[in-house]
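A.B. asks: Below you'll find my_file-v6.pdb; it's PDB, C-alpha atoms.
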ATOM      1  CA  MET A1117       0.000   0.000   0.000  1.00  0.00           C
ATOM      2  CA  ARG A1118       2.732   2.407  -0.929  1.00  0.00           C
ATOM      3  CA  TYR A1119       0.086   4.814  -2.167  1.00  0.00           C
ATOM      4  CA  ALA A1120      -1.259   5.489   1.307  1.00  0.00           C
ATOM      5  CA  ALA A1121       0.551   8.805   1.734  1.00  0.00           C
ATOM      6  CA  ALA A1122      -1.467  10.067  -1.153  1.00  0.00           C
ATOM      7  CA  MET A1123      -4.585   9.081   0.688  1.00  0.00           C
ATOM      8  CA  LEU A1124      -4.109  12.266   2.656  1.00  0.00           C
ATOM      9  CA  ALA A1125      -6.193  13.692  -0.078  1.00  0.00           C
ATOM     10  CA  PHE A1126      -9.157  11.713   1.124  1.00  0.00           C
ATOM     11  CA  ALA A1127      -8.823  13.521   4.395  1.00  0.00           C
ATOM     12  CA  ALA A1128      -9.809  16.886   3.008  1.00  0.00           C
ATOM     13  CA  PRO A1129     -11.327  18.566   6.054  1.00  0.00           C
ATOM     14  CA  ALA A1130     -14.698  19.532   4.585  1.00  0.00           C
ATOM     15  CA  ALA A1131     -15.547  16.162   3.046  1.00  0.00           C
ATOM     16  CA  GLN A1132     -19.211  16.292   4.122  1.00  0.00           C
ATOM     17  CA  ALA A1133     -20.953  16.903   0.786  1.00  0.00           C
ATOM     18  CA  ASP A1134     -20.581  16.386  -2.941  1.00  0.00           C
ATOM     19  CA  GLY A1135     -17.253  17.610  -4.159  1.00  0.00           C
ATOM     20  CA  GLU A1136     -13.915  16.872  -5.712  1.00  0.00           C
ATOM     21  CA  PHE A1137     -10.366  16.814  -4.439  1.00  0.00           C
ATOM     22  CA  TYR A1138      -7.184  16.945  -6.502  1.00  0.00           C
ATOM     23  CA  GLN A1139      -3.661  16.773  -5.132  1.00  0.00           C
ATOM     24  CA  LEU A1140      -0.138  16.612  -6.508  1.00  0.00           C
ATOM     25  CA  ASP A1141       2.854  16.148  -4.175  1.00  0.00           C
ATOM     26  CA  LEU A1142       6.429  16.179  -5.472  1.00  0.00           C
ATOM     27  CA  GLY A1143       9.536  15.076  -3.600  1.00  0.00           C
ATOM     28  CA  GLU A1144      13.084  14.537  -4.753  1.00  0.00           C
ATOM     29  CA  ASP A1145      12.419  10.830  -5.339  1.00  0.00           C
ATOM     30  CA  THR A1146       8.605  10.557  -5.194  1.00  0.00           C
ATOM     31  CA  THR A1147       5.510  11.806  -6.930  1.00  0.00           C
ATOM     32  CA  THR A1148       1.932  11.323  -5.801  1.00  0.00           C
ATOM     33  CA  ALA A1149      -1.195  12.382  -7.692  1.00  0.00           C
ATOM     34  CA  VAL A1150      -4.721  12.012  -6.313  1.00  0.00           C
ATOM     35  CA  ILE A1151      -8.224  12.483  -7.655  1.00  0.00           C
ATOM     36  CA  SER A1152     -11.238  11.965  -5.386  1.00  0.00           C
ATOM     37  CA  VAL A1153     -14.860  12.546  -6.365  1.00  0.00           C
ATOM     38  CA  GLU A1154     -17.881  12.218  -4.082  1.00  0.00           C
ATOM     39  CA  ARG A1155     -21.483  12.205  -5.242  1.00  0.00           C
ATOM     40  CA  ASP A1156     -24.137  11.590  -2.602  1.00  0.00           C
ATOM     41  CA  ARG A1157     -23.112   8.365  -0.833  1.00  0.00           C
ATOM     42  CA  LEU A1158     -20.664   7.188  -3.514  1.00  0.00           C
ATOM     43  CA  SER A1159     -16.967   8.071  -3.693  1.00  0.00           C
ATOM     44  CA  TYR A1160     -14.459   7.280  -6.414  1.00  0.00           C
ATOM     45  CA  GLY A1161     -10.730   7.682  -6.201  1.00  0.00           C
ATOM     46  CA  MET A1162      -7.547   7.340  -8.205  1.00  0.00           C
ATOM     47  CA  VAL A1163      -4.040   7.541  -6.785  1.00  0.00           C
ATOM     48  CA  PHE A1164      -0.812   7.334  -8.766  1.00  0.00           C
ATOM     49  CA  SER A1165       2.370   7.016  -6.740  1.00  0.00           C
ATOM     50  CA  ASP A1166       6.010   6.075  -7.065  1.00  0.00           C
ATOM     51  CA  TYR A1167       6.363   6.411  -3.301  1.00  0.00           C
ATOM     52  CA  THR A1168       9.280   4.064  -2.594  1.00  0.00           C
ATOM     53  CA  GLY A1169       9.697   1.947  -5.659  1.00  0.00           C
ATOM     54  CA  PRO A1170       7.975   1.230  -8.905  1.00  0.00           C
ATOM     55  CA  GLU A1171       4.863   3.181  -9.753  1.00  0.00           C
ATOM     56  CA  ASP A1172       1.476   2.057  -8.451  1.00  0.00           C
ATOM     57  CA  LEU A1173      -1.963   3.000  -9.703  1.00  0.00           C
ATOM     58  CA  ASN A1174      -4.840   2.548  -7.265  1.00  0.00           C
ATOM     59  CA  LEU A1175      -8.550   2.783  -7.985  1.00  0.00           C
ATOM     60  CA  THR A1176     -11.277   2.763  -5.349  1.00  0.00           C
ATOM     61  CA  ALA A1177     -15.022   3.051  -5.105  1.00  0.00           C
ATOM     62  CA  SER A1178     -16.896   3.186  -1.831  1.00  0.00           C
ATOM     63  CA  TYR A1179     -20.297   3.618  -0.278  1.00  0.00           C
ATOM     64  CA  LYS A1180     -20.728   6.002   2.689  1.00  0.00           C
ATOM     65  CA  PHE A1181     -22.890   5.091   5.692  1.00  0.00           C
ATOM     66  CA  THR A1182     -23.333   5.936   9.371  1.00  0.00           C
ATOM     67  CA  LEU A1183     -24.313   3.740  12.278  1.00  0.00           C
ATOM     68  CA  GLY A1184     -25.989   6.379  14.450  1.00  0.00           C
ATOM     69  CA  THR A1185     -22.609   7.824  15.479  1.00  0.00           C
ATOM     70  CA  PRO A1186     -20.763  10.978  14.423  1.00  0.00           C
ATOM     71  CA  VAL A1187     -18.327   8.713  12.557  1.00  0.00           C
ATOM     72  CA  THR A1188     -18.811   8.209   8.828  1.00  0.00           C
ATOM     73  CA  PHE A1189     -17.892   4.824   7.416  1.00  0.00           C
ATOM     74  CA  ARG A1190     -16.991   3.895   3.838  1.00  0.00           C
ATOM     75  CA  ALA A1191     -16.545   0.482   2.304  1.00  0.00           C
ATOM     76  CA  GLY A1192     -15.920  -0.746  -1.201  1.00  0.00           C
ATOM     77  CA  PRO A1193     -13.664  -2.441  -3.708  1.00  0.00           C
ATOM     78  CA  ALA A1194     -10.067  -1.445  -4.363  1.00  0.00           C
ATOM     79  CA  ILE A1195      -7.817  -2.323  -7.274  1.00  0.00           C
ATOM     80  CA  GLN A1196      -4.069  -1.784  -7.378  1.00  0.00           C
ATOM     81  CA  LEU A1197      -1.896  -1.994 -10.463  1.00  0.00           C
ATOM     82  CA  GLU A1198       1.332  -2.646  -8.564  1.00  0.00           C
ATOM     83  CA  GLY A1199       4.395  -1.603 -10.502  1.00  0.00           C
ATOM     84  CA  LEU A1200       1.935  -0.846 -13.308  1.00  0.00           C
ATOM     85  CA  GLU A1201       2.081  -4.593 -14.036  1.00  0.00           C
ATOM     86  CA  THR A1202       0.493  -6.765 -11.348  1.00  0.00           C
ATOM     87  CA  VAL A1203      -3.229  -6.427 -10.641  1.00  0.00           C
ATOM     88  CA  LYS A1204      -4.307  -6.824  -7.015  1.00  0.00           C
ATOM     89  CA  GLY A1205      -7.885  -6.587  -5.792  1.00  0.00           C
ATOM     90  CA  GLY A1206      -9.322  -6.136  -2.354  1.00  0.00           C
ATOM     91  CA  ILE A1207     -11.677  -4.345  -0.009  1.00  0.00           C
ATOM     92  CA  ARG A1208     -11.108  -0.892   1.487  1.00  0.00           C
ATOM     93  CA  LEU A1209     -12.681   0.178   4.806  1.00  0.00           C
ATOM     94  CA  VAL A1210     -12.591   3.764   6.087  1.00  0.00           C
ATOM     95  CA  ALA A1211     -13.807   5.459   9.283  1.00  0.00           C
ATOM     96  CA  GLU A1212     -13.669   9.251   9.427  1.00  0.00           C
ATOM     97  CA  HIS A1213     -14.913  12.137  11.532  1.00  0.00           C
ATOM     98  CA  TYR A1214     -15.006  15.842  10.715  1.00  0.00           C
ATOM     99  CA  GLN A1215     -15.696  18.311  13.539  1.00  0.00           C
ATOM    100  CA  PRO A1216     -16.084  22.067  13.002  1.00  0.00           C
ATOM    101  CA  THR A1217     -14.577  24.067  15.866  1.00  0.00           C
ATOM    102  CA  SER A1218     -14.467  27.695  16.977  1.00  0.00           C
ATOM    103  CA  PHE A1219     -10.999  27.986  15.391  1.00  0.00           C
ATOM    104  CA  GLY A1220     -11.534  25.864  12.261  1.00  0.00           C
ATOM    105  CA  SER A1221     -11.868  22.075  12.187  1.00  0.00           C
ATOM    106  CA  ILE A1222     -10.547  18.722  13.307  1.00  0.00           C
ATOM    107  CA  PHE A1223     -10.531  15.710  11.013  1.00  0.00           C
ATOM    108  CA  VAL A1224      -9.502  12.131  11.824  1.00  0.00           C
ATOM    109  CA  LEU A1225      -9.421   9.169   9.484  1.00  0.00           C
ATOM    110  CA  GLY A1226      -8.505   5.524   9.750  1.00  0.00           C
ATOM    111  CA  GLU A1227      -8.274   3.230   6.744  1.00  0.00           C
ATOM    112  CA  ALA A1228      -7.486  -0.427   6.122  1.00  0.00           C
ATOM    113  CA  THR A1229      -7.319  -2.376   2.893  1.00  0.00           C
ATOM    114  CA  THR A1230      -6.926  -6.069   2.250  1.00  0.00           C
ATOM    115  CA  ILE A1231      -4.396  -5.250  -0.505  1.00  0.00           C
ATOM    116  CA  ASP A1232      -1.063  -5.997   1.199  1.00  0.00           C
ATOM    117  CA  ARG A1233      -2.897  -5.475   4.526  1.00  0.00           C
ATOM    118  CA  GLY A1234      -2.362  -1.758   4.114  1.00  0.00           C
ATOM    119  CA  TYR A1235      -3.293   0.823   6.728  1.00  0.00           C
ATOM    120  CA  PHE A1236      -3.387   4.579   7.052  1.00  0.00           C
ATOM    121  CA  ALA A1237      -4.213   6.886   9.961  1.00  0.00           C
ATOM    122  CA  LEU A1238      -4.481  10.669   9.766  1.00  0.00           C
ATOM    123  CA  ALA A1239      -5.244  13.596  12.042  1.00  0.00           C
ATOM    124  CA  ALA A1240      -5.708  17.077  10.547  1.00  0.00           C
ATOM    125  CA  ILE A1241      -6.203  20.291  12.479  1.00  0.00           C
ATOM    126  CA  GLY A1242      -7.419  23.207  10.389  1.00  0.00           C
ATOM    127  CA  PHE A1243      -7.444  26.882  11.291  1.00  0.00           C
ATOM    128  CA  ASP A1244      -9.641  29.525   9.668  1.00  0.00           C
ATOM    129  CA  LYS A1245      -7.378  32.521  10.354  1.00  0.00           C
ATOM    130  CA  PRO A1246      -4.842  32.089   8.983  1.00  0.00           C
ATOM    131  CA  ASP A1247      -6.102  29.439   6.543  1.00  0.00           C
ATOM    132  CA  VAL A1248      -3.677  26.677   7.454  1.00  0.00           C
ATOM    133  CA  THR A1249      -4.048  22.948   8.134  1.00  0.00           C
ATOM    134  CA  PHE A1250      -1.575  20.700   9.953  1.00  0.00           C
ATOM    135  CA  GLU A1251      -1.667  17.003   9.006  1.00  0.00           C
ATOM    136  CA  PHE A1252      -0.032  14.038  10.729  1.00  0.00           C
ATOM    137  CA  SER A1253      -0.226  10.508   9.357  1.00  0.00           C
ATOM    138  CA  TYR A1254       1.090   7.004   9.834  1.00  0.00           C
ATOM    139  CA  LEU A1255       0.914   4.379   7.088  1.00  0.00           C
ATOM    140  CA  GLY A1256       2.233   1.029   6.039  1.00  0.00           C
ATOM    141  CA  ASP A1257       1.563  -2.489   4.800  1.00  0.00           C
ATOM    142  CA  ASP A1258       2.669  -6.067   5.304  1.00  0.00           C
ATOM    143  CA  ASP A1259       5.340  -5.726   2.581  1.00  0.00           C
ATOM    144  CA  GLY A1260       7.488  -3.907   5.156  1.00  0.00           C
ATOM    145  CA  PHE A1261       6.586  -0.400   4.038  1.00  0.00           C
ATOM    146  CA  ARG A1262       6.132   2.132   6.880  1.00  0.00           C
ATOM    147  CA  ASP A1263       6.198   5.911   7.097  1.00  0.00           C
ATOM    148  CA  LYS A1264       5.234   8.796   9.302  1.00  0.00           C
ATOM    149  CA  VAL A1265       4.320  12.040   7.536  1.00  0.00           C
ATOM    150  CA  ALA A1266       3.835  15.610   8.738  1.00  0.00           C
ATOM    151  CA  ALA A1267       2.449  18.229   6.369  1.00  0.00           C
ATOM    152  CA  VAL A1268       1.107  21.751   6.410  1.00  0.00           C
ATOM    153  CA  ALA A1269      -1.298  23.204   3.844  1.00  0.00           C
ATOM    154  CA  PHE A1270      -1.668  26.951   3.338  1.00  0.00           C
ATOM    155  CA  GLY A1271      -4.869  28.132   1.684  1.00  0.00           C
ATOM    156  CA  ILE A1272      -4.333  30.303  -1.402  1.00  0.00           C
ATOM    157  CA  PRO A1273      -6.586  33.374  -0.930  1.00  0.00           C
ATOM    158  CA  ASN A1274      -9.756  33.582  -3.029  1.00  0.00           C
ATOM    159  CA  THR A1275      -9.324  30.042  -4.386  1.00  0.00           C
ATOM    160  CA  LYS A1276     -10.178  26.473  -3.426  1.00  0.00           C
ATOM    161  CA  ALA A1277      -6.467  25.621  -3.679  1.00  0.00           C
ATOM    162  CA  SER A1278      -3.781  25.120  -1.032  1.00  0.00           C
ATOM    163  CA  PHE A1279       0.004  24.994  -1.182  1.00  0.00           C
ATOM    164  CA  ARG A1280       1.367  21.942   0.688  1.00  0.00           C
ATOM    165  CA  ALA A1281       4.737  21.175   2.210  1.00  0.00           C
ATOM    166  CA  GLY A1282       5.761  18.243   4.342  1.00  0.00           C
ATOM    167  CA  TYR A1283       8.263  15.650   5.425  1.00  0.00           C
ATOM    168  CA  LYS A1284       8.253  11.825   5.259  1.00  0.00           C
ATOM    169  CA  PHE A1285      10.218  10.701   8.311  1.00  0.00           C
ATOM    170  CA  ASP A1286      11.013   7.081   7.446  1.00  0.00           C
ATOM    171  CA  SER A1287      11.662   7.926   3.795  1.00  0.00           C
ATOM    172  CA  GLU A1288      13.669  10.987   4.897  1.00  0.00           C
ATOM    173  CA  GLU A1289      12.206  13.141   2.149  1.00  0.00           C
ATOM    174  CA  SER A1290      10.665  16.613   1.982  1.00  0.00           C
ATOM    175  CA  PHE A1291       7.886  17.327  -0.488  1.00  0.00           C
ATOM    176  CA  ILE A1292       5.849  20.221  -1.829  1.00  0.00           C
ATOM    177  CA  GLY A1293       2.508  20.147  -3.551  1.00  0.00           C
ATOM    178  CA  ILE A1294      -0.790  21.711  -4.363  1.00  0.00           C
ATOM    179  CA  SER A1295      -4.341  20.589  -3.663  1.00  0.00           C
ATOM    180  CA  ILE A1296      -7.760  21.774  -4.823  1.00  0.00           C
ATOM    181  CA  ASN A1297     -10.778  21.009  -2.632  1.00  0.00           C
ATOM    182  CA  THR A1298     -14.340  21.778  -3.789  1.00  0.00           C
ATOM    183  CA  PHE A1299     -16.078  20.115  -0.831  1.00  0.00           C
TER     184      PHE A1299
END
Let me see whether you can do it: turn the structure in this file into structure tokens.
C.D. replies:
Amino acid sequence: MRYAAAMLAFAAPAAQADGEFYQLDLGEDTTTAVISVERDRLSYGMVFSDYTGPEDLNLTASYKFTLGTPVTFRAGPAIQLEGLETVKGGIRLVAEHYQPTSFGSIFVLGEATTIDRGYFALAAIGFDKPDVTFEFSYLGDDDGFRDKVAAVAFGIPNTKASFRAGYKFDSEESFIGISINTF
């Protein structure tokens, strides 16, 4: 699940309604591109990454539901084109919670996939003034891949875009990027 760092995109803080999210992160040795689209209870995603090795392309679809709690759940199929050669299929499960606050928002997300027993956890704290979000994540899989990531996203005034910068601790790599969030 080397693509999991890109799944930060699915943690866009206002993911409560129909919308789209696009993200591109560039590091010295890595590139990650994300597209996420939500319509009603259905979400679709595409992630391209060359995170720590050959390129992977990941496609997901999921259905959103609640169980009478403030946590939103998603479940659905996932397909990975590992190394752009080997097709792997599985199930992706997500639990997420978005909470508006007096200063901005708090967002937490946990994800697991049966593909390589991948996992991803994220906490994002967003501030309205200034428009900045701090993100912390932990990800890995049973292929031995692990990483901890810290990122900050600065909103670009009068747009739906943000400039991103961060650091991957286990990979020892800085990255910069841009995201667009229409949620």
A.B. asks: Run through the PyMOL selection byres ((chain A and resi 1258-1272) around 7) on the given coordinates and return the selected residues as a PDB file with C-alpha atoms, keeping the file's coordinate frame.
C.D. replies:
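expr.pdb was written with the following content:
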ATOM      1  CA  ARG A1118       2.732   2.407  -0.929  1.00  0.00           C
ATOM      2  CA  ASP A1232      -1.063  -5.997   1.199  1.00  0.00           C
ATOM      3  CA  ARG A1233      -2.897  -5.475   4.526  1.00  0.00           C
ATOM      4  CA  GLY A1234      -2.362  -1.758   4.114  1.00  0.00           C
ATOM      5  CA  ASP A1247      -6.102  29.439   6.543  1.00  0.00           C
ATOM      6  CA  VAL A1248      -3.677  26.677   7.454  1.00  0.00           C
ATOM      7  CA  THR A1249      -4.048  22.948   8.134  1.00  0.00           C
ATOM      8  CA  PHE A1250      -1.575  20.700   9.953  1.00  0.00           C
ATOM      9  CA  GLU A1251      -1.667  17.003   9.006  1.00  0.00           C
ATOM     10  CA  PHE A1252      -0.032  14.038  10.729  1.00  0.00           C
ATOM     11  CA  SER A1253      -0.226  10.508   9.357  1.00  0.00           C
ATOM     12  CA  TYR A1254       1.090   7.004   9.834  1.00  0.00           C
ATOM     13  CA  LEU A1255       0.914   4.379   7.088  1.00  0.00           C
ATOM     14  CA  GLY A1256       2.233   1.029   6.039  1.00  0.00           C
ATOM     15  CA  ASP A1257       1.563  -2.489   4.800  1.00  0.00           C
ATOM     16  CA  PRO A1273      -6.586  33.374  -0.930  1.00  0.00           C
ATOM     17  CA  ASN A1274      -9.756  33.582  -3.029  1.00  0.00           C
ATOM     18  CA  THR A1275      -9.324  30.042  -4.386  1.00  0.00           C
ATOM     19  CA  ALA A1277      -6.467  25.621  -3.679  1.00  0.00           C
ATOM     20  CA  SER A1278      -3.781  25.120  -1.032  1.00  0.00           C
ATOM     21  CA  PHE A1279       0.004  24.994  -1.182  1.00  0.00           C
ATOM     22  CA  ARG A1280       1.367  21.942   0.688  1.00  0.00           C
ATOM     23  CA  ALA A1281       4.737  21.175   2.210  1.00  0.00           C
ATOM     24  CA  GLY A1282       5.761  18.243   4.342  1.00  0.00           C
ATOM     25  CA  TYR A1283       8.263  15.650   5.425  1.00  0.00           C
ATOM     26  CA  LYS A1284       8.253  11.825   5.259  1.00  0.00           C
ATOM     27  CA  PHE A1285      10.218  10.701   8.311  1.00  0.00           C
ATOM     28  CA  ASP A1286      11.013   7.081   7.446  1.00  0.00           C
ATOM     29  CA  SER A1287      11.662   7.926   3.795  1.00  0.00           C
TER      30      SER A1287
END
A.B. asks: Could you work out how far atom CA of His1213 of chain A lies from atom CA of Phe1189 of chain A, giving the answer in Å with one decimal?
C.D. replies: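 Rounded to one decimal, the two atoms are 8.9 Å apart.
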A.B. asks: Nearest residue to Phe1164 of chain A out of A:Tyr1138, A:Phe1236, A:Phe1291, A:Phe1243, using all atoms listed in the file?
C.D. replies: A:Tyr1138
A.B. asks: Report, in Å with one decimal, the straight-line distance from atom CA of Ile1231 of chain A to atom CA of Val1203 of chain A.
C.D. replies: 10.3 Å
A.B. asks: Could you tell me which of A:Glu1201, A:Asp1244, A:Ala1191, A:Ile1296 comes closest to Ala1228 of chain A if we count all atoms listed in the file?
C.D. replies: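 Of A:Glu1201, A:Asp1244, A:Ala1191, A:Ile1296, the one nearest Ala1228 of chain A, counting all atoms listed in the file, is A:Ala1191.
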A.B. asks: By how many Å are atom CA of Glu1171 of chain A and atom CA of Ala1237 of chain A apart?
C.D. replies: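 Value for the atom CA of Glu1171 of chain A-atom CA of Ala1237 of chain A distance: 22.0 Å.
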A.B. asks: Around all the atoms of segment 1233-1241 of chain A listed in the file, with 6 Å of room on each side, what axis-aligned box do you get, giving centre and edge lengths in Å to one decimal, as AutoDock Vina command-line options?
C.D. replies:
--center_x -4.3 --center_y 7.4 --center_z 8.3 --size_x 15.8 --size_y 37.8 --size_z 20.4
A.B. asks: Hey, which of A:Asp1156, A:Glu1227, A:Glu1212, A:Glu1289 ends up closest to Ala1240 of chain A? Count all atoms listed in the file.
C.D. replies: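 Checking each of A:Asp1156, A:Glu1227, A:Glu1212, A:Glu1289 against Ala1240 of chain A, counting all atoms listed in the file, the winner is A:Glu1212.
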A.B. asks: I would like the residues chosen by the PyMOL selection byres ((chain A and resi 1204) around 12) on the shown file; could you give them as a PyMOL selection string?
C.D. replies: chain A and resi 1117+1172-1176+1193-1203+1205-1207+1229-1233
A.B. asks: Evaluating the PyMOL selection byres ((chain A and resi 1178) around 9) on the displayed file yields which residues, as a PyMOL selection string?
C.D. replies: chain A and resi 1157-1161+1176-1177+1179-1180+1190-1194+1208-1209
